[in-house]
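Notes follow once the structure below has been shown.
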Amino acid sequence: MTTTRVMQVTGAGDRLELAERELRSPGRGEVLVRVEACGVCHSDAFTVEGWMPGIEYPRVPGHEIAGRIEAVGEDVVPWQPGQRVGVGWFGGHCGHCDPCRRGDLISCANGQVPGIAFDGGYADHVVVPQSALASIPDDLGAVDAAPLLCAGITTFNALRDSGARPGDLVAVLGIGGLGHLGVQFARRMGFEVVAIARGTGKEEQARALGAHHYVDSTATDPAEALQGLGGAATILATVTAPDAMSAVVGGLRPRGRMVVVGASADPMQIPPFALIPGSTGVVGHASGTSKDSEDTMRFSVLHDVRPTVETYPLERAAEGYARMMSGDARFRVVLTME
Ligand SMILES: [Zn+2]
Ligand SMILES: [Zn+2]
């Protein structure tokens, strides 16, 4: 029996622990991936803390998986052993539900998320459906690729789908795991970029990442600051504090949209009158499909977008996870496998 290492949680709220598992062969339509790096995402808390009902334990978290195909199951086309691949939040679609039949694969009613529906990338190996695979460009290392598969695609896709056009004022609320990538993408997509964060500690980094303007939301009303710059066509809200989101809606220009990607279960309070006069809006954005992940990685290589990461070896996943949850990581935590 061949075994593989995983870092699993045996129940909601339990600590991540090392375990040896039997290495299973990929079934029909599945691919066995040797993991080289896996990002640690705030949404891994769904699994570790048990914030999402219905998760079966023990479960291995991780949906920012970068590695190499080791074996393919029956009916896998055109993927081959040896190819470098990534797997993000999009862990496969059913192909027969209404959203799938309309071509909206990320909205699949039976969509699967690695680390939630099946064991994810805090492991030396993972078995995934072939539809979850994204090809990693040659010029992108596994450690850099991993965060692009969730934090990257989420911000890249939200910005390119936002309707903002080159030259438009685009604000990124929150300079953390998502926001530090959002600023880079926004700059390279040709927007005038405003970074908004609490305090001045992140100003230098935000400017270095590409922000034209920096707003300290503890010193200035961020909505007024945006209006002073002409009003934002798009505000990409990457924070997980709904109050901080409500506070910037007034910074939209007429017809502008706040695109929410920071995941929180807490309610957001916005007076209807803040939306009506300028016909502004607040919308959510789900990350994207495996093909969108490929686009994200290709764009990142073409335009030199890279995550800033702190790495931990797989067996120290609990420490890496705690570091991510503390909010102090600069900016993304990535697990590496030897
Ligand atoms: Zn994620
Ligand atoms: Zn479906």
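Just so we're on the same page: first chain in the structure tokens is A, next is B, and so on; residues restart at 1 for each chain, and ligands are numbered from 1 in the order they show up.
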Taking only C-alpha atoms into account, produce a table as a tab-separated table in which each residue of range 175-226 of chain A with an atom at most 9 Å from an atom of range 146-170 of chain A appears once, together with its shortest atom pair and the distance in Å to one decimal, ordered by chain and rising number.
residue	atom	partner	partner_atom	distance
A:Gly177	CA	A:Ala151	CA	6.7
A:Leu178	CA	A:Ala151	CA	5.1
A:Gly179	CA	A:Thr155	CA	7.7
A:Leu181	CA	A:Gly152	CA	6.2
A:Gly182	CA	A:Thr155	CA	5.2
A:Val183	CA	A:Thr155	CA	8.9
A:Phe185	CA	A:Phe156	CA	6.1
A:Ala186	CA	A:Leu159	CA	6.9
A:Met189	CA	A:Pro166	CA	6.7
A:Gly190	CA	A:Pro166	CA	4.6
A:Phe191	CA	A:Gly167	CA	4.7
A:Glu192	CA	A:Leu169	CA	4.7
A:Val193	CA	A:Val170	CA	5.1
A:Val194	CA	A:Val170	CA	6.2
A:Ala195	CA	A:Val170	CA	8.8
A:Leu226	CA	A:Leu169	CA	8.6
List all protein, DNA and RNA residues that have at least one atom no more than 6 Å from any atom of ligand 2, counting only C-alpha atoms and all ligand atoms, and write them as a CSV table (one decimal) with N, CA and C atoms, in the first residue's frame.
chain,number,residue,atom,x,y,z
A,93,HIS,N,-17.9,20.9,-11.9
A,93,HIS,CA,-19.3,21.2,-12.1
A,93,HIS,C,-20.1,19.9,-12.6
A,94,CYS,N,-21.4,19.9,-12.5
A,94,CYS,CA,-22.1,18.7,-12.8
A,94,CYS,C,-22.4,18.6,-14.3
A,95,GLY,N,-22.7,19.7,-15.0
A,95,GLY,CA,-22.9,19.7,-16.4
A,95,GLY,C,-24.4,19.5,-16.8
A,96,HIS,N,-25.3,19.2,-15.8
A,96,HIS,CA,-26.7,19.0,-16.1
A,96,HIS,C,-27.7,19.9,-15.4
A,97,CYS,N,-27.2,20.7,-14.4
A,97,CYS,CA,-28.2,21.6,-13.7
A,97,CYS,C,-28.5,22.8,-14.6
A,100,CYS,N,-25.5,25.2,-15.3
A,100,CYS,CA,-24.5,24.5,-16.2
A,100,CYS,C,-25.0,24.5,-17.6
A,108,CYS,N,-22.9,26.5,-10.7
A,108,CYS,CA,-23.5,25.1,-10.7
A,108,CYS,C,-24.1,24.8,-9.4
A,109,ALA,N,-25.4,24.2,-9.5
A,109,ALA,CA,-26.1,23.9,-8.3
A,109,ALA,C,-25.5,22.7,-7.5
A,110,ASN,N,-24.6,22.0,-8.2
A,110,ASN,CA,-24.0,20.8,-7.5
A,110,ASN,C,-22.5,21.0,-7.5
Find the nearest atom pair between each residue of chain A and ligand 1 for residues within 8 Å, count only C-alpha atoms and all ligand atoms, give distances in Å to one decimal, sort rows by chain and ascending number, and present the table as JSON lines.
{"residue": "A:Val40", "atom": "CA", "partner": "ligand 1", "partner_atom_place_in_ligand_line": "1 (Zn)", "distance": 7.6}
{"residue": "A:Cys41", "atom": "CA", "partner": "ligand 1", "partner_atom_place_in_ligand_line": "1 (Zn)", "distance": 4.6}
{"residue": "A:His42", "atom": "CA", "partner": "ligand 1", "partner_atom_place_in_ligand_line": "1 (Zn)", "distance": 6.3}
{"residue": "A:Ser43", "atom": "CA", "partner": "ligand 1", "partner_atom_place_in_ligand_line": "1 (Zn)", "distance": 5.1}
{"residue": "A:Asp44", "atom": "CA", "partner": "ligand 1", "partner_atom_place_in_ligand_line": "1 (Zn)", "distance": 6.9}
{"residue": "A:His63", "atom": "CA", "partner": "ligand 1", "partner_atom_place_in_ligand_line": "1 (Zn)", "distance": 6.2}
{"residue": "A:Glu64", "atom": "CA", "partner": "ligand 1", "partner_atom_place_in_ligand_line": "1 (Zn)", "distance": 6.8}
{"residue": "A:Gly88", "atom": "CA", "partner": "ligand 1", "partner_atom_place_in_ligand_line": "1 (Zn)", "distance": 7.4}
{"residue": "A:Trp89", "atom": "CA", "partner": "ligand 1", "partner_atom_place_in_ligand_line": "1 (Zn)", "distance": 6.0}
{"residue": "A:Leu149", "atom": "CA", "partner": "ligand 1", "partner_atom_place_in_ligand_line": "1 (Zn)", "distance": 7.9}
{"residue": "A:Cys150", "atom": "CA", "partner": "ligand 1", "partner_atom_place_in_ligand_line": "1 (Zn)", "distance": 4.6}
{"residue": "A:Ala151", "atom": "CA", "partner": "ligand 1", "partner_atom_place_in_ligand_line": "1 (Zn)", "distance": 6.0}
Neighbours of Thr47 in chain A within 12 Å (only C-alpha atoms; same-chain residues fewer than 4 positions away dropped), as an mmCIF file with C-alpha atoms, in the first residue's frame?
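Result file is out_13.cif:
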data_model
loop_
_atom_site.group_PDB
_atom_site.id
_atom_site.type_symbol
_atom_site.label_atom_id
_atom_site.label_comp_id
_atom_site.auth_asym_id
_atom_site.auth_seq_id
_atom_site.Cartn_x
_atom_site.Cartn_y
_atom_site.Cartn_z
ATOM 1 C CA GLN A 8 -6.620 16.910 8.271
ATOM 2 C CA VAL A 9 -9.210 18.094 10.754
ATOM 3 C CA THR A 10 -11.153 15.314 12.446
ATOM 4 C CA GLY A 11 -14.084 17.514 13.480
ATOM 5 C CA ALA A 12 -15.325 21.101 13.395
ATOM 6 C CA GLY A 13 -13.019 23.293 15.485
ATOM 7 C CA ASP A 14 -10.336 20.612 15.837
ATOM 8 C CA ARG A 15 -6.662 21.291 15.284
ATOM 9 C CA LEU A 16 -5.042 20.392 11.963
ATOM 10 C CA VAL A 40 -4.095 28.929 2.970
ATOM 11 C CA CYS A 41 -7.296 30.885 2.423
ATOM 12 C CA HIS A 42 -9.649 32.512 4.930
ATOM 13 C CA SER A 43 -12.390 30.288 3.497
ATOM 14 C CA TRP A 51 -18.661 27.226 9.571
ATOM 15 C CA MET A 52 -20.303 25.398 6.682
ATOM 16 C CA PRO A 53 -22.919 22.760 7.524
ATOM 17 C CA GLY A 54 -22.749 19.321 5.963
ATOM 18 C CA ILE A 55 -18.967 18.869 5.834
ATOM 19 C CA GLU A 56 -17.947 15.262 6.419
ATOM 20 C CA TYR A 57 -14.939 14.741 8.719
ATOM 21 C CA PRO A 58 -12.107 13.947 8.750
ATOM 22 C CA ARG A 59 -11.517 16.459 5.981
ATOM 23 C CA VAL A 60 -8.347 17.894 4.427
ATOM 24 C CA PRO A 61 -8.722 21.655 3.691
ATOM 25 C CA GLY A 62 -7.126 23.535 0.826
ATOM 26 C CA HIS A 63 -8.376 25.008 -2.469
ATOM 27 C CA VAL A 113 -15.169 22.926 -3.601
ATOM 28 C CA PRO A 114 -11.870 21.182 -2.816
ATOM 29 C CA GLY A 115 -11.315 20.904 0.910
ATOM 30 C CA ILE A 116 -15.071 21.065 1.521
ATOM 31 C CA ALA A 117 -16.789 18.543 -0.785
ATOM 32 C CA PHE A 118 -13.696 16.362 -1.066
ATOM 33 C CA ASP A 119 -10.205 16.341 0.421
ATOM 34 C CA GLY A 120 -8.150 19.361 -0.603
ATOM 35 C CA TYR A 122 -3.105 20.402 2.520
ATOM 36 C CA TYR A 321 -3.459 28.575 9.291
#
Find the residues around Arg34 in chain A up to 12 Å (only C-alpha atoms counted), leave out those fewer than 3 positions away in its own chain, and share them as a ChimeraX atom specification. /A:4-6,23,31,37-38,65-72,81-87,120-128,142,336-338
Which of A:Arg188, A:Arg332, A:Arg316, A:Arg253 sits closest to Thr234 in chain A [using only C-alpha atoms]: A:Arg253
Closest atom pairs, range 206-249 of chain A residues within 8 Å of range 261-276 of chain A, only C-alpha atoms, as CSV:
residue,atom,partner,partner_atom,distance
A:Leu236,CA,A:Val261,CA,7.3
A:Ala237,CA,A:Val261,CA,6.0
A:Thr238,CA,A:Gly262,CA,4.2
A:Val239,CA,A:Gly262,CA,4.9
A:Thr240,CA,A:Gly262,CA,4.8
A:Ala241,CA,A:Ser264,CA,7.1
A:Pro242,CA,A:Met268,CA,4.8
A:Asp243,CA,A:Met268,CA,6.5
A:Met245,CA,A:Met268,CA,7.5
A:Ser246,CA,A:Ile270,CA,5.8
A:Val249,CA,A:Ala274,CA,7.4
Taking the DSSP assignment computed from this structure's backbone, write out as a PyMOL selection string all residues of range 156-293 of chain A that belong to alpha helix (DSSP H). chain A and resi 156-160+179-188+203-209+222-228+242-246+272-275+290-293
Nearest to Val260 in chain A, restricted to only C-alpha atoms and choosing among A:Gly199, A:Gly320, A:Gly174, A:Gly230, comes out as A:Gly174
